[in-house]
file target_16.cif (mmCIF, C-alpha atoms)
data_input
loop_
_atom_site.label_atom_id
_atom_site.label_comp_id
_atom_site.auth_asym_id
_atom_site.auth_seq_id
_atom_site.Cartn_x
_atom_site.Cartn_y
_atom_site.Cartn_z
CA MET A 1 34.27 -9.30 -9.02
CA ILE A 2 33.21 -8.23 -12.52
CA PHE A 3 35.75 -8.18 -15.32
CA ILE A 4 34.85 -5.69 -18.03
CA ASN A 5 36.25 -6.58 -21.42
CA VAL A 6 34.50 -4.39 -23.94
CA ARG A 7 35.84 -2.21 -26.72
CA VAL A 8 33.85 0.97 -26.85
CA LYS A 9 34.46 3.88 -29.11
CA LYS A 10 35.67 6.39 -26.56
CA ARG A 11 34.58 9.39 -28.51
CA CYS A 12 30.96 8.24 -28.85
CA HIS A 13 30.85 7.20 -25.24
CA LEU A 14 32.22 10.53 -23.99
CA LEU A 15 29.75 12.40 -26.17
CA SER A 16 26.82 10.41 -24.77
CA VAL A 17 28.04 10.98 -21.21
CA ALA A 18 28.49 14.69 -21.84
CA LYS A 19 25.04 14.89 -23.39
CA GLY A 20 23.55 13.13 -20.38
CA TYR A 21 25.14 15.41 -17.81
CA LEU A 22 24.26 18.51 -19.83
CA ILE A 23 20.56 17.59 -19.80
CA ALA A 24 20.80 16.66 -16.10
CA PHE A 25 22.32 20.10 -15.48
CA LEU A 26 19.35 21.69 -17.26
CA LEU A 27 17.00 19.56 -15.17
CA PHE A 28 18.57 21.12 -12.11
CA PHE A 29 17.35 24.57 -13.07
CA VAL A 30 13.93 23.25 -14.05
CA SER A 31 13.65 21.53 -10.70
CA THR A 32 14.88 24.46 -8.62
CA GLY A 33 12.34 26.69 -10.29
CA ALA A 34 9.34 24.36 -9.91
CA HIS A 35 9.79 22.39 -6.71
CA ALA A 36 8.03 24.93 -4.49
CA LEU A 37 4.77 24.90 -6.44
CA GLN A 38 1.86 24.61 -4.00
CA TYR A 39 -1.81 25.35 -4.59
CA LYS A 40 -4.67 24.73 -2.15
CA GLY A 41 -2.97 21.80 -0.47
CA LEU A 42 -1.60 20.39 -3.74
CA ASP A 43 2.16 19.85 -3.44
CA LEU A 44 4.24 19.17 -6.56
CA LYS A 45 7.58 17.37 -6.21
CA ILE A 46 10.15 16.98 -8.98
CA SER A 47 13.36 14.97 -9.17
CA GLY A 48 15.93 14.64 -11.90
CA THR A 49 18.36 11.74 -12.19
CA THR A 50 21.39 10.87 -14.27
CA SER A 51 23.16 7.53 -14.21
CA GLU A 52 25.88 5.49 -15.85
CA THR A 53 25.39 1.71 -16.20
CA TYR A 54 27.55 -1.16 -17.36
CA ASP A 55 25.40 -4.07 -18.55
CA ASP A 56 27.04 -7.32 -19.69
CA ASN A 57 23.85 -8.79 -21.22
CA LEU A 58 21.68 -6.21 -22.95
CA THR A 59 19.77 -8.89 -24.84
CA PHE A 60 18.73 -11.00 -21.80
CA SER A 61 19.84 -14.17 -23.60
CA LYS A 62 22.56 -16.79 -23.34
CA ALA A 63 23.13 -17.22 -27.09
CA ASP A 64 23.53 -13.59 -28.18
CA LYS A 65 25.00 -11.64 -25.26
CA LYS A 66 25.91 -7.99 -25.85
CA GLU A 67 27.60 -5.69 -23.36
CA ASP A 68 27.59 -1.90 -23.29
CA PHE A 69 27.68 1.31 -21.27
CA ILE A 70 24.40 3.22 -20.93
CA THR A 71 24.04 6.86 -19.93
CA ALA A 72 20.50 7.50 -18.69
CA LEU A 73 18.46 10.57 -17.83
CA GLY A 74 15.32 10.53 -15.75
CA LEU A 75 12.63 12.96 -14.69
CA ASN A 76 10.05 12.08 -12.02
CA MET A 77 7.10 14.13 -10.83
CA SER A 78 4.57 13.46 -8.09
CA THR A 79 1.78 15.35 -6.44
CA ALA A 80 -0.45 14.57 -3.49
CA TYR A 81 -3.64 16.02 -2.08
CA GLU A 82 -5.13 15.16 1.30
CA GLY A 83 -8.52 16.47 2.36
CA LYS A 84 -10.76 15.68 5.27
CA ARG A 85 -12.03 12.43 3.75
CA ARG A 86 -10.17 12.19 0.44
CA PHE A 87 -6.63 11.38 -0.61
CA LEU A 88 -5.09 11.61 -4.09
CA ASN A 89 -1.58 10.65 -5.15
CA LEU A 90 -0.35 10.98 -8.74
CA ALA A 91 3.17 10.09 -9.84
CA GLY A 92 4.82 9.68 -13.21
CA GLY A 93 8.13 9.88 -14.96
CA PHE A 94 10.37 8.77 -17.76
CA ASN A 95 13.88 7.46 -18.18
CA TYR A 96 15.86 7.65 -21.41
CA GLY A 97 19.15 5.85 -22.07
CA PHE A 98 21.94 6.52 -24.58
CA ASN A 99 23.88 3.39 -25.55
CA ALA A 100 27.57 3.93 -26.22
CA ARG A 101 27.90 1.08 -28.72
CA TYR A 102 24.56 -0.46 -29.74
CA LYS A 103 22.60 2.63 -30.77
CA ASP A 104 19.69 0.60 -32.12
CA ILE A 105 18.83 -0.99 -28.74
CA LYS A 106 16.13 1.01 -26.96
CA ASN A 107 16.36 1.93 -23.29
CA SER A 108 13.43 4.28 -22.76
CA SER A 109 10.79 3.69 -20.09
CA GLU A 110 7.79 5.56 -18.70
CA TYR A 111 5.41 5.01 -15.81
CA LEU A 112 2.26 6.52 -14.34
CA ASN A 113 0.69 5.68 -10.97
CA LEU A 114 -2.64 6.99 -9.67
CA ASN A 115 -4.09 6.30 -6.23
CA PHE A 116 -7.36 7.77 -4.95
CA LYS A 117 -9.09 7.05 -1.64
CA ASN A 118 -12.45 8.35 -0.48
CA GLU A 119 -13.88 7.80 3.00
CA PHE A 120 -17.68 7.78 2.86
CA SER A 121 -17.86 7.66 6.65
CA ASN A 122 -15.88 6.47 9.64
CA TYR A 123 -16.89 2.92 8.71
CA ASP A 124 -16.36 2.51 4.96
CA ASP A 125 -14.06 3.73 2.20
CA ILE A 126 -13.14 2.96 -1.40
CA THR A 127 -9.70 2.97 -3.06
CA LEU A 128 -9.06 3.27 -6.80
CA ASN A 129 -5.69 2.44 -8.36
CA TYR A 130 -4.27 2.72 -11.86
CA ASN A 131 -0.72 1.82 -12.93
CA PHE A 132 0.87 2.08 -16.37
CA SER A 133 4.38 1.15 -17.41
CA HIS A 134 6.35 0.91 -20.62
CA SER A 135 9.83 -0.56 -20.62
CA SER A 136 12.26 -2.78 -22.48
CA THR A 137 13.61 -4.35 -19.27
CA PRO A 138 11.92 -5.77 -16.13
CA GLY A 139 11.76 -3.33 -13.24
CA SER A 140 12.17 -5.90 -10.46
CA PHE A 141 13.14 -9.51 -9.80
CA GLN A 142 9.46 -10.41 -9.48
CA GLU A 143 8.78 -8.99 -12.96
CA ALA A 144 11.80 -10.81 -14.42
CA PHE A 145 10.58 -14.17 -13.08
CA GLY A 146 8.54 -15.89 -15.78
CA ARG A 147 9.42 -13.26 -18.38
CA VAL A 148 10.11 -14.56 -21.89
CA SER A 149 13.87 -14.35 -22.52
CA GLY A 150 15.14 -11.57 -24.74
CA ARG A 151 15.05 -7.80 -24.79
CA TYR A 152 11.74 -6.40 -25.99
CA GLU A 153 9.39 -3.55 -25.24
CA SER A 154 6.34 -4.26 -23.14
CA TYR A 155 3.32 -2.21 -22.11
CA ALA A 156 1.39 -2.97 -18.92
CA ASN A 157 -1.82 -1.55 -17.45
CA ASN A 158 -3.41 -2.37 -14.12
CA TYR A 159 -6.79 -1.16 -12.77
CA GLY A 160 -7.92 -1.88 -9.23
CA VAL A 161 -10.94 -1.14 -7.02
CA HIS A 162 -11.02 -1.96 -3.30
CA TYR A 163 -13.96 -1.38 -0.95
CA LEU A 164 -13.64 -1.72 2.84
CA ARG A 165 -16.46 -1.82 5.38
CA ASN A 166 -15.90 -1.87 9.15
CA LEU A 167 -18.89 -3.71 10.60
CA SER A 168 -17.71 -3.37 14.18
CA GLU A 169 -14.65 -2.46 16.21
CA HIS A 170 -13.17 -5.92 15.60
CA PHE A 171 -14.71 -7.15 12.33
CA SER A 172 -14.27 -5.80 8.79
CA ILE A 173 -15.06 -7.03 5.30
CA SER A 174 -13.62 -5.92 1.97
CA ALA A 175 -14.15 -6.62 -1.72
CA MET A 176 -11.83 -6.04 -4.66
CA TYR A 177 -11.74 -6.13 -8.44
CA ASN A 178 -8.57 -6.02 -10.52
CA TYR A 179 -7.87 -6.01 -14.25
CA SER A 180 -4.36 -6.32 -15.70
CA SER A 181 -3.16 -6.35 -19.29
CA SER A 182 0.23 -6.63 -20.95
CA LYS A 183 1.45 -6.41 -24.52
CA ALA A 184 4.95 -7.36 -25.65
CA GLU A 185 6.51 -6.34 -28.96
CA LEU A 186 6.93 -9.97 -29.99
CA GLU A 187 5.26 -11.48 -33.05
CA GLU A 188 4.72 -14.84 -31.39
CA VAL A 189 3.07 -13.37 -28.27
CA ASP A 190 -0.52 -12.13 -28.14
CA LYS A 191 -1.88 -9.52 -25.77
CA TRP A 192 -2.29 -10.95 -22.25
CA TRP A 193 -4.97 -9.98 -19.74
CA GLN A 194 -6.25 -11.19 -16.39
CA SER A 195 -9.43 -10.26 -14.53
CA SER A 196 -9.94 -11.09 -10.86
CA TYR A 197 -12.29 -10.38 -7.99
CA GLY A 198 -12.31 -11.40 -4.36
CA ILE A 199 -13.63 -10.91 -0.85
CA ASN A 200 -11.75 -10.72 2.43
CA CYS A 201 -12.98 -11.01 6.03
CA ASN A 202 -10.81 -9.82 8.88
CA TYR A 203 -11.43 -10.35 12.60
CA LEU A 204 -9.22 -8.36 14.96
CA TYR A 205 -8.84 -10.62 17.97
CA SER A 206 -6.50 -8.26 19.82
CA THR A 207 -4.21 -5.34 19.04
CA ASP A 208 -1.55 -7.69 17.67
CA THR A 209 -3.57 -10.68 16.43
CA SER A 210 -6.15 -11.04 13.66
CA VAL A 211 -7.78 -13.88 11.71
CA VAL A 212 -8.21 -13.51 7.94
CA LEU A 213 -10.51 -15.48 5.62
CA SER A 214 -10.35 -14.75 1.89
CA TYR A 215 -11.60 -15.96 -1.49
CA SER A 216 -10.54 -14.90 -4.99
CA HIS A 217 -11.39 -15.86 -8.56
CA ALA A 218 -9.28 -15.03 -11.63
CA ASN A 219 -9.55 -15.78 -15.32
CA SER A 220 -7.18 -14.77 -18.11
CA SER A 221 -6.68 -14.63 -21.87
CA SER A 222 -4.99 -18.04 -21.67
CA ASP A 223 -8.38 -19.59 -20.69
CA VAL A 224 -7.00 -20.49 -17.26
CA VAL A 225 -9.29 -20.03 -14.23
CA ILE A 226 -7.71 -19.79 -10.78
CA GLU A 227 -9.74 -19.97 -7.55
CA SER A 228 -8.10 -19.45 -4.17
CA THR A 229 -9.38 -19.74 -0.62
CA SER A 230 -7.24 -19.11 2.41
CA ILE A 231 -7.43 -18.66 6.14
CA GLY A 232 -4.59 -17.20 8.11
CA LEU A 233 -3.48 -15.91 11.45
CA ARG A 234 -1.67 -12.58 11.55
CA GLN A 235 0.21 -11.94 14.74
CA ASN A 236 2.95 -9.59 15.87
CA ILE A 237 5.45 -11.46 18.03
CA SER A 238 8.02 -9.62 20.14
CA ILE A 239 11.21 -11.61 20.62
CA THR A 240 14.33 -9.78 21.83
CA LYS A 241 14.15 -6.44 19.96
CA ALA A 242 11.13 -6.58 17.62
CA ILE A 243 9.87 -9.39 15.39
CA GLN A 244 6.64 -9.30 13.39
CA LEU A 245 5.34 -12.50 11.85
CA SER A 246 2.23 -12.92 9.68
CA GLY A 247 0.89 -15.62 7.40
CA ASN A 248 -1.95 -17.12 5.41
CA VAL A 249 -2.54 -20.72 4.38
CA GLY A 250 -5.17 -21.97 1.94
CA MET A 251 -5.91 -23.85 -1.27
CA SER A 252 -5.82 -22.84 -4.93
CA SER A 253 -7.42 -24.69 -7.80
CA THR A 254 -7.09 -24.14 -11.55
CA SER A 255 -9.05 -25.27 -14.55
CA ALA A 256 -7.94 -24.91 -18.14
CA GLU A 257 -9.17 -26.35 -21.41
CA ASN A 258 -7.64 -29.79 -20.90
CA SER A 259 -6.50 -29.94 -17.28
CA LYS A 260 -7.45 -29.30 -13.67
CA SER A 261 -5.15 -28.96 -10.69
CA SER A 262 -5.10 -27.90 -7.04
CA ALA A 263 -2.31 -26.92 -4.68
CA LEU A 264 -1.59 -25.46 -1.28
CA ASN A 265 -0.96 -21.71 -1.17
CA MET A 266 0.98 -19.93 1.55
CA ASP A 267 1.99 -16.38 2.38
CA ILE A 268 4.44 -15.90 5.27
CA ALA A 269 6.32 -12.70 6.12
CA LEU A 270 8.88 -11.89 8.80
CA GLN A 271 10.05 -8.42 9.85
CA TYR A 272 12.96 -8.15 12.30
CA GLU A 273 14.38 -4.91 13.63
CA ILE A 274 17.82 -6.11 14.74
CA ASP A 275 18.78 -2.71 16.14
CA GLN A 276 18.16 0.95 15.47
CA LYS A 277 20.39 0.85 12.39
CA THR A 278 19.64 -2.61 10.96
CA ASN A 279 16.43 -4.17 9.64
CA PHE A 280 15.85 -7.61 8.13
CA SER A 281 12.84 -8.93 6.22
CA LEU A 282 12.03 -12.37 4.83
CA ALA A 283 8.97 -13.43 2.82
CA TYR A 284 7.83 -16.75 1.39
CA THR A 285 4.89 -17.25 -0.97
CA LYS A 286 3.48 -20.34 -2.66
CA ASN A 287 0.55 -20.26 -5.06
CA ILE A 288 -0.71 -20.80 -8.60
CA GLN A 289 -0.49 -17.91 -11.03
CA THR A 290 -0.28 -16.96 -14.68
CA TYR A 291 2.55 -14.93 -16.19
CA PRO A 292 2.11 -12.14 -18.74
CA ASN A 293 2.82 -13.26 -22.33
CA THR A 294 2.37 -16.96 -21.53
CA ASP A 295 -0.54 -19.32 -22.19
CA ASP A 296 -0.35 -21.41 -19.04
CA ALA A 297 -0.61 -21.38 -15.25
CA TYR A 298 2.31 -22.26 -12.99
CA ARG A 299 2.67 -23.71 -9.52
CA ASN A 300 5.33 -21.46 -8.06
CA TRP A 301 7.04 -20.51 -4.84
CA GLN A 302 9.19 -17.49 -4.07
CA ILE A 303 11.57 -16.37 -1.34
CA ASN A 304 12.81 -12.81 -1.04
CA SER A 305 14.88 -11.20 1.69
CA SER A 306 16.32 -7.80 2.46
CA LEU A 307 18.93 -6.54 4.91
CA ALA A 308 19.18 -2.76 5.39
CA HIS A 309 21.87 -1.09 7.47
CA ASN A 310 22.67 2.58 8.14
CA PHE A 311 26.43 3.05 8.50
CA LEU A 312 26.03 6.77 9.07
CA GLU A 313 23.17 9.24 9.15
CA GLN A 314 23.75 9.97 5.45
CA LEU A 315 25.15 6.57 4.38
CA ASN A 316 22.99 3.45 4.14
CA SER A 317 23.07 0.13 2.34
CA THR A 318 20.62 -2.59 1.32
CA ILE A 319 21.30 -6.18 0.27
CA SER A 320 18.37 -7.98 -1.39
CA SER A 321 17.96 -11.51 -2.68
CA PHE A 322 15.20 -13.28 -4.58
CA TYR A 323 14.68 -16.89 -5.66
CA ALA A 324 11.63 -18.31 -7.41
CA GLU A 325 10.63 -21.54 -9.10
CA GLY A 326 7.54 -22.22 -11.18
CA LYS A 327 6.35 -25.38 -12.92
CA SER A 328 3.81 -25.38 -15.73
CA ILE A 329 0.55 -27.18 -14.99
CA SER A 330 -0.01 -28.49 -18.52
CA THR A 331 3.62 -29.07 -19.61
CA ASP A 332 6.92 -30.11 -18.05
CA ILE A 333 8.46 -26.65 -18.36
CA THR A 334 10.03 -25.32 -15.17
CA ASN A 335 11.27 -21.75 -14.74
CA ARG A 336 13.79 -20.71 -12.08
CA PHE A 337 15.12 -17.30 -11.23
CA LEU A 338 17.82 -16.05 -8.86
CA GLY A 339 18.49 -12.38 -8.21
CA VAL A 340 20.86 -10.53 -5.89
CA SER A 341 21.35 -6.79 -5.55
CA PHE A 342 23.52 -4.50 -3.44
CA LEU A 343 22.73 -0.80 -3.02
CA LEU A 344 24.97 1.78 -1.37
CA GLN A 345 23.40 5.24 -1.02
CA TYR A 346 24.88 8.50 0.26
CA GLU A 347 22.90 11.67 0.95
CA ILE A 348 25.22 14.53 0.01
CA SER A 349 22.70 17.19 0.99
CA GLU A 350 18.99 17.57 1.64
CA HIS A 351 18.25 17.54 -2.08
CA LEU A 352 21.21 15.68 -3.62
CA THR A 353 21.74 11.90 -3.35
CA THR A 354 24.20 9.57 -5.01
CA SER A 355 24.13 5.78 -5.14
CA LEU A 356 25.97 2.73 -6.44
CA ASN A 357 23.96 -0.38 -7.30
CA TYR A 358 25.08 -3.86 -8.39
CA VAL A 359 22.56 -6.41 -9.70
CA TYR A 360 23.10 -10.06 -10.60
CA SER A 361 20.33 -12.14 -12.15
CA ASN A 362 20.18 -15.72 -13.38
CA SER A 363 17.16 -17.02 -15.29
CA ASN A 364 16.96 -20.74 -15.97
CA SER A 365 14.33 -22.78 -17.79
CA THR A 366 13.90 -26.35 -18.98
CA ASN A 367 12.73 -24.71 -22.22
CA GLU A 368 15.85 -24.60 -24.42
CA LEU A 369 14.98 -21.09 -25.61
CA GLY A 370 14.96 -19.65 -22.08
CA GLY A 371 17.62 -18.70 -19.56
CA TYR A 372 20.37 -16.10 -19.20
CA ASN A 373 22.95 -14.59 -16.81
CA ARG A 374 23.28 -10.85 -16.32
CA ASP A 375 25.45 -8.43 -14.33
CA ALA A 376 24.79 -4.70 -14.14
CA VAL A 377 26.49 -1.91 -12.21
CA THR A 378 24.89 1.54 -11.97
CA ALA A 379 26.19 4.82 -10.55
CA ASN A 380 23.37 7.31 -10.03
CA VAL A 381 22.94 10.94 -8.99
CA SER A 382 19.50 12.18 -7.99
CA LEU A 383 18.32 15.72 -7.34
CA ASN A 384 15.15 15.72 -5.22
CA PHE A 385 12.73 18.44 -4.19
#
call {"tool": "encode", "arguments": {"input": "target_16.cif", "output": "structure tokens"}}
result
Amino acid sequence: MIFINVRVKKRCHLLSVAKGYLIAFLLFFVSTGAHALQYKGLDLKISGTTSETYDDNLTFSKADKKEDFITALGLNMSTAYEGKRRFLNLAGGFNYGFNARYKDIKNSSEYLNLNFKNEFSNYDDITLNYNFSHSSTPGSFQEAFGRVSGRYESYANNYGVHYLRNLSEHFSISAMYNYSSSKAELEEVDKWWQSSYGINCNYLYSTDTSVVLSYSHANSSSDVVIESTSIGLRQNISITKAIQLSGNVGMSSTSAENSKSSALNMDIALQYEIDQKTNFSLAYTKNIQTYPNTDDAYRNWQINSSLAHNFLEQLNSTISSFYAEGKSISTDITNRFLGVSFLLQYEISEHLTTSLNYVYSNSNSTNELGGYNRDAVTANVSLNF
């Protein structure tokens, strides 16, 4: 149970709410007029959202907690094209929040995702990806883990190239290159980047079993080099209803200016369809990685789970949990993160959806400057076309 004890100027809050719903109302007419745009296989989809959030820790800190109500407006657009041997998907959007009390705290965010795939033949293809995001808050538990405490704007770019070649009916090989960069609006933090490349060999032993051998090499602005090799067995196992289990096991080694280290890396995932209305997933990963806006590599492990259940055809729910722990290779700093979320979603009509979402997060660090607790409750209405 969350106890809300905040004095908000009712007039300002009501004005911000009214402003939010007025713009959302205008978005309705924009959406209804543009959703049917189609041209030579190019389909444009638009959605408008409006939400009301109570956040008890806007600053993501334990020393200077501030609570407030936030009215947010969002507009999302996506388009897709599928040809005989080509596929293109482009999506982008923005979200703007109006704080009821702390007007100087920013809540805007934008994103852009581009995915292009070209099949040269029946045996080989190439995929290009680009992702951009700008936000003052982490978008997921994974992004929050390892994040420097505090509320600050950050810009992230990610470029990826993946080439796949099927050498035979059972054997394929792929190569990838990825470049990521991140910049936080913090004076003490420099721009972070990481460049990586790798190769992956996959042997399909049967329709439900494959053997994977992979190698990757990554270096970053923190002068940390990470090399990983792994071999794994992916197999779909049917027990009772439907259970799918897959995993990889290997070794990772790092080298920095003054230290070297190696550790076991693992990647295990479980998918379980309990019944036609209920699905459960569980994933465990263990590896060495660098975090944006930090100058070190961390041995870390993560567990995340999800339980989705459809109460009715229009009513569904999802409970998600995430726990991660990472220890610095060159220092004694350890970061821990726990996150839990509950989502209840109801489809009012084909185009109109409403949802209620509760999120709890706890960040803990042996660094005295890190760590915080946060609760947030969001009511959202989305108009989709």
call {"tool": "resolve_selection", "arguments": {"input": "target_16.cif", "expression": "the PyMOL selection byres ((chain A and resi 166) around 10)", "output": "short mmCIF file (atom, residue, chain, number, x, y, z; two decimals) with C-alpha atoms, keeping the file's coordinate frame"}}
result
data_model
loop_
_atom_site.label_atom_id
_atom_site.label_comp_id
_atom_site.auth_asym_id
_atom_site.auth_seq_id
_atom_site.Cartn_x
_atom_site.Cartn_y
_atom_site.Cartn_z
CA ASN A 122 -15.88 6.47 9.64
CA TYR A 123 -16.89 2.92 8.71
CA ASP A 124 -16.36 2.51 4.96
CA ASP A 125 -14.06 3.73 2.20
CA LEU A 164 -13.64 -1.72 2.84
CA ARG A 165 -16.46 -1.82 5.38
CA LEU A 167 -18.89 -3.71 10.60
CA SER A 168 -17.71 -3.37 14.18
CA GLU A 169 -14.65 -2.46 16.21
CA HIS A 170 -13.17 -5.92 15.60
CA PHE A 171 -14.71 -7.15 12.33
CA SER A 172 -14.27 -5.80 8.79
CA ILE A 173 -15.06 -7.03 5.30
CA SER A 174 -13.62 -5.92 1.97
CA ASN A 202 -10.81 -9.82 8.88
#
call {"tool": "residues_around", "arguments": {"input": "target_16.cif", "residues": "stretch 259-268 of chain A", "least_positions_apart": "6", "cutoff": "10 Å", "atoms": "all atoms listed in the file", "output": "count of residues only"}}
result
34
call {"tool": "residues_around", "arguments": {"input": "target_16.cif", "residues": "A:Ala63", "least_positions_apart": "2", "cutoff": "9 Å", "atoms": "all atoms listed in the file", "output": "number ranges by chain"}}
result
A: 61, 65, 372
call {"tool": "resolve_selection", "arguments": {"input": "target_16.cif", "expression": "the PyMOL selection byres ((chain A and resi 145) around 9)", "output": "JSON, numbers by chain"}}
result
{"A": [140, 141, 142, 143, 144, 146, 147, 148, 291, 323, 324, 325, 326, 335, 336, 337, 338, 363]}
call {"tool": "axis_aligned_box", "arguments": {"input": "target_16.cif", "around": "stretch 260-271 of chain A", "padding_each_side": "8 Å", "output": "JSON"}}
result
{"center_x": 1.3, "center_y": -18.9, "center_z": -1.9, "size_x": 33.5, "size_y": 36.9, "size_z": 39.5}
call {"tool": "closest_residue", "arguments": {"input": "target_16.cif", "among": "A:Tyr215, A:Phe385, A:Tyr111, A:Phe69", "to": "A:Glu350", "atoms": "all atoms listed in the file"}}
result
A:Phe385
call {"tool": "atom_distance", "arguments": {"input": "target_16.cif", "atom1": "atom CA of A:Tyr163", "atom2": "atom CA of A:Tyr81"}}
result
20.3 Å
call {"tool": "atom_distance", "arguments": {"input": "target_16.cif", "atom1": "atom CA of A:Met77", "atom2": "atom CA of A:Leu44"}}
result
7.2 Å
call {"tool": "atom_distance", "arguments": {"input": "target_16.cif", "atom1": "atom CA of A:Tyr203", "atom2": "atom CA of A:Ala269"}}
result
19.0 Å
